[in-house]
Amino acid sequence: MKFAVFASGNGSNFQAIDAAVKNGQIKAELALLFSNNRKAYALQRAQDAGVPTLELVPKEYANPQSFERDLVIYLKEHAIDFIVLAGYMRILTPYFVREFPGKILNIHPSLLPSFKGMNGIKDAFTYGVKTTGVTIHFVDEKMDHGPIILQESLAIREEDTLETLEVRVHELEHQLYPQAIALFSEGKLKIKGRKVHIISL
Ligand code: GAR
């Protein structure tokens with residue numbers, strides 16, 4: 001199995017996923033880091049890790065469809081089996097999602113369906129919830145919506161600032177995402193409606 005990670009920014013999840021491939025936790029080939037942002041630090045991390053990179057910038061295309069068409073062609077030419085969104089801050093169109101049905105995973109830094117969108121950690125913190133967390137889910141045609149693979153909660157402490165909470169959410173992400181990718185790449189996830197069953201083979 002070959003997979004691509006999509007990232008738009010820092011790429012700390014990419015780094016954790018790459019480490020999990022290299023230590024054998026994930027038994028699939030990390031074949032590509034794709035970014036829609038030439039300035040993404042994730043690109044630098046991938047180069048340092050020896051992972052091939054691709055940059056395509058949407059505003060250099062006439063429309064979102066032609067951008068995604070080029071991306072799909074590249075992914076199919078390189079025999080990418082599945083896609084892992086890790087801080088990819090752009091909504092995939094239904095066209096793209098239909099090209100990889102049940103084969104796109106996303107991580108979101110809150111307990112979905114609460115605090116969807118770009119600022120999950122901050123939105124939960126400022127709302128004043130006592131518990132937040134991390135969700136890993138399959139991508140469908142609606143934002144932050146598809147069937148949930150793994151979800152883990154995190155208590156917000158009295159002394160937490162947004163910064164300390166961000167650190168703890170990211171630490172949890174870096175543990176949880178490799179687990180979910182390992183389960184998927186070993187064929188242990190079965191989607192039934194909104195539920196994802198973890199099967200032991
Ligand atoms: C992560 O916290 C991820 O959950 C979040 O972006 C961050 C990327 O960090 N994704 C979303 O909010 C998607 N809606 P990273 O670039 O260091 O991996």
# chains A, B, ... in the order shown; residues from 1 in each chain; ligands from 1
>>> residues_near_ligand(ligand="ligand 1", cutoff="9 Å", atoms="only C-alpha atoms and all ligand atoms", output="PyMOL selection string")
chain A and resi 7-16+40-42+85-91+106-110+116-121+134-136+143-144+166+169-170+173-174
>>> select_by_dssp(residues="chain A", states="strand (DSSP E or B)", output="number ranges by chain")
A: 2-6, 29-35, 53-55, 82-85, 104-108, 131-138, 148-155, 189-192, 195-198
>>> write_last_selection(atoms="N, CA and C atoms", output="compact mmCIF listing (two decimals), in the first residue's frame")
# COMPACT_ATOMS: atom_id res chain seq x y z
N LYS A 2 0.55 2.17 -0.91
CA LYS A 2 1.28 3.45 -0.96
C LYS A 2 0.33 4.56 -0.55
N PHE A 3 0.82 5.49 0.27
CA PHE A 3 -0.08 6.59 0.64
C PHE A 3 0.62 7.94 0.54
N ALA A 4 -0.24 8.98 0.45
CA ALA A 4 0.23 10.36 0.40
C ALA A 4 -0.30 11.09 1.62
N VAL A 5 0.53 11.97 2.19
CA VAL A 5 0.08 12.88 3.23
C VAL A 5 -0.11 14.25 2.58
N PHE A 6 -1.25 14.90 2.88
CA PHE A 6 -1.51 16.26 2.41
C PHE A 6 -1.37 17.20 3.61
N GLU A 29 3.84 2.31 2.50
CA GLU A 29 4.90 3.21 2.00
C GLU A 29 4.40 4.66 1.98
N LEU A 30 5.11 5.52 2.69
CA LEU A 30 4.80 6.96 2.65
C LEU A 30 5.46 7.52 1.38
N ALA A 31 4.65 7.59 0.32
CA ALA A 31 5.22 7.82 -1.01
C ALA A 31 5.22 9.28 -1.43
N LEU A 32 4.50 10.14 -0.69
CA LEU A 32 4.38 11.53 -1.15
C LEU A 32 3.92 12.45 -0.03
N LEU A 33 4.53 13.63 0.02
CA LEU A 33 3.97 14.73 0.82
C LEU A 33 3.51 15.76 -0.19
N PHE A 34 2.19 16.01 -0.20
CA PHE A 34 1.64 17.02 -1.10
C PHE A 34 1.28 18.26 -0.30
N SER A 35 1.62 19.44 -0.85
CA SER A 35 1.15 20.68 -0.23
C SER A 35 0.58 21.63 -1.27
N THR A 53 8.10 15.03 -2.68
CA THR A 53 7.13 16.12 -2.45
C THR A 53 6.50 16.57 -3.76
N LEU A 54 5.32 17.13 -3.63
CA LEU A 54 4.63 17.77 -4.76
C LEU A 54 3.98 19.03 -4.23
N GLU A 55 4.14 20.12 -4.96
CA GLU A 55 3.47 21.39 -4.62
C GLU A 55 2.61 21.79 -5.81
N PHE A 82 -4.08 5.39 -0.83
CA PHE A 82 -4.93 6.15 0.09
C PHE A 82 -4.25 7.45 0.50
N ILE A 83 -5.07 8.34 1.08
CA ILE A 83 -4.62 9.71 1.35
C ILE A 83 -4.89 10.06 2.80
N VAL A 84 -3.92 10.72 3.41
CA VAL A 84 -3.99 11.10 4.81
C VAL A 84 -3.90 12.63 4.89
N LEU A 85 -4.99 13.27 5.29
CA LEU A 85 -4.98 14.73 5.44
C LEU A 85 -4.44 15.06 6.83
N ILE A 104 -9.78 8.26 2.12
CA ILE A 104 -9.19 9.51 2.59
C ILE A 104 -9.46 9.62 4.08
N LEU A 105 -8.39 9.81 4.86
CA LEU A 105 -8.51 9.98 6.32
C LEU A 105 -8.20 11.42 6.67
N ASN A 106 -8.84 11.91 7.73
CA ASN A 106 -8.56 13.28 8.20
C ASN A 106 -8.42 13.27 9.72
N ILE A 107 -7.62 14.21 10.21
CA ILE A 107 -7.52 14.40 11.66
C ILE A 107 -8.08 15.77 11.98
N HIS A 108 -8.83 15.85 13.08
CA HIS A 108 -9.39 17.13 13.50
C HIS A 108 -9.15 17.31 15.00
N THR A 131 -13.83 19.37 28.45
CA THR A 131 -13.20 18.24 27.76
C THR A 131 -13.17 18.53 26.27
N THR A 132 -11.99 18.33 25.66
CA THR A 132 -11.91 18.38 24.20
C THR A 132 -11.21 17.11 23.76
N GLY A 133 -10.56 17.12 22.59
CA GLY A 133 -9.90 15.88 22.18
C GLY A 133 -9.50 15.91 20.73
N VAL A 134 -9.37 14.71 20.18
CA VAL A 134 -8.91 14.53 18.80
C VAL A 134 -9.81 13.50 18.12
N THR A 135 -10.12 13.76 16.87
CA THR A 135 -10.95 12.84 16.09
C THR A 135 -10.23 12.49 14.79
N ILE A 136 -10.23 11.21 14.45
CA ILE A 136 -9.75 10.78 13.14
C ILE A 136 -10.92 10.13 12.42
N HIS A 137 -11.18 10.59 11.22
CA HIS A 137 -12.39 10.12 10.52
C HIS A 137 -12.14 9.96 9.03
N PHE A 138 -13.01 9.18 8.39
CA PHE A 138 -12.99 9.10 6.93
C PHE A 138 -13.59 10.39 6.38
N ILE A 148 -16.41 8.12 11.96
CA ILE A 148 -15.29 8.30 12.90
C ILE A 148 -14.53 6.99 13.12
N ILE A 149 -13.21 7.08 12.97
CA ILE A 149 -12.33 5.91 13.13
C ILE A 149 -11.86 5.80 14.58
N LEU A 150 -11.22 6.83 15.07
CA LEU A 150 -10.74 6.86 16.46
C LEU A 150 -11.02 8.24 17.03
N GLN A 151 -11.28 8.26 18.32
CA GLN A 151 -11.55 9.54 18.98
C GLN A 151 -11.08 9.41 20.41
N GLU A 152 -10.34 10.41 20.87
CA GLU A 152 -9.88 10.34 22.27
C GLU A 152 -10.04 11.71 22.92
N SER A 153 -10.45 11.69 24.17
CA SER A 153 -10.73 12.95 24.86
C SER A 153 -9.54 13.41 25.68
N LEU A 154 -9.58 14.67 26.03
CA LEU A 154 -8.51 15.32 26.79
C LEU A 154 -9.19 16.32 27.72
N ALA A 155 -8.90 16.21 29.03
CA ALA A 155 -9.50 17.16 29.97
C ALA A 155 -8.78 18.50 29.88
N LEU A 189 -10.33 -1.83 9.14
CA LEU A 189 -11.45 -0.91 9.33
C LEU A 189 -12.56 -1.21 8.33
N LYS A 190 -13.77 -1.37 8.85
CA LYS A 190 -14.92 -1.61 7.97
C LYS A 190 -15.96 -0.53 8.24
N ILE A 191 -16.35 0.19 7.18
CA ILE A 191 -17.35 1.26 7.33
C ILE A 191 -18.74 0.65 7.11
N LYS A 192 -19.63 0.91 8.10
CA LYS A 192 -21.04 0.50 7.93
C LYS A 192 -21.89 1.69 8.29
N LYS A 195 -20.86 4.16 11.14
CA LYS A 195 -19.97 3.50 12.09
C LYS A 195 -18.77 2.88 11.39
N VAL A 196 -17.64 2.95 12.09
CA VAL A 196 -16.44 2.27 11.61
C VAL A 196 -16.12 1.16 12.61
N HIS A 197 -16.15 -0.07 12.14
CA HIS A 197 -15.84 -1.21 13.00
C HIS A 197 -14.37 -1.58 12.85
N ILE A 198 -13.75 -1.84 14.00
CA ILE A 198 -12.34 -2.28 13.98
C ILE A 198 -12.38 -3.80 14.10
>>> select_by_dssp(residues="segment 35-191 of chain A", states="helix (DSSP H, G or I)", output="VMD selection string")
chain A and resid 41 to 49 58 to 60 64 to 77 94 to 99 120 to 127 162 to 185
>>> residues_around(residues="Asp140 of chain A", least_positions_apart="6", cutoff="9 Å", atoms="only C-alpha atoms", output="PyMOL selection string")
chain A and resi 94+97-98+101-102+104+146-147
>>> closest_residue(among="A:Glu158, A:Glu60, A:Glu141, A:Asp70", to="Gly128 of chain A", atoms="only C-alpha atoms")
A:Glu158
